[in-house]
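Taking it in order: structure first as structure tokens, then the write-up.
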Amino acid sequence: MVDTDRITGAAKELGGKVQGAVGDLTGSRSDAAEGRFREAQGSAENVYGQAKDTVRQAADEAYEAAEDAYEQGHRYLRGGSREVGEYVSDAPVASLLVAGAVGFGLGLLVSKL
């Protein structure tokens with residue numbers, strides 16, 4: 001998607017070039033100067049539109065990368081949960097002992113604070 005500043009800037013730049021050339025041909029310094037001024041304005045507006053397009057594109061790419069990372073993290077979490085569930089099903093006593101040890105350790109940490 002092209003920013004409207006790029007379109008209007010390019011149009012002003014072209015109009016300014018034409019006006020400056022006509023001013024040069026007719027010998028009108030005021031038309032030539034005004035044309036150069038409009039050309040500079042159009043060029044600046046075009047560059048501004050290009051910068052906005054670049055920022056918009058970077059934001060879109062960052063959003064897509066974050067979305068992909070979120071989806072990948074979600075897949076890893078589901079896979080990890082499934083693995084833990086299978087381990088608990090296969091070794092329930094060992095799982096209870098590990099959970100108890102973790103709970104005891106957390107209790108010691110909390111009581112020290």
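Letters A, B, ... mark the chains of the structure tokens in the order given; residue numbers begin at 1 per chain; ligand numbers begin at 1, in order shown.
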
Legend entry - All residues 8 Å or closer to Asp5 in chain A, only C-alpha atoms, same chain fewer than 2 positions away omitted, as a ChimeraX atom specification: /A:3,7-9,45-46,48-49

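From CA of Pro92 in chain A back to CA of Tyr76 in chain A, the distance works out to 23.1 Å.
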
Legend entry - Minimum-distance residue to Val22 in chain A, chosen among A:Gly80, A:Leu109, A:Ala10, A:Gly35 (using only C-alpha atoms): A:Gly35

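Taking CA of Ala58 in chain A and CA of Ala40 in chain A as endpoints, the distance between them is 27.0 Å.
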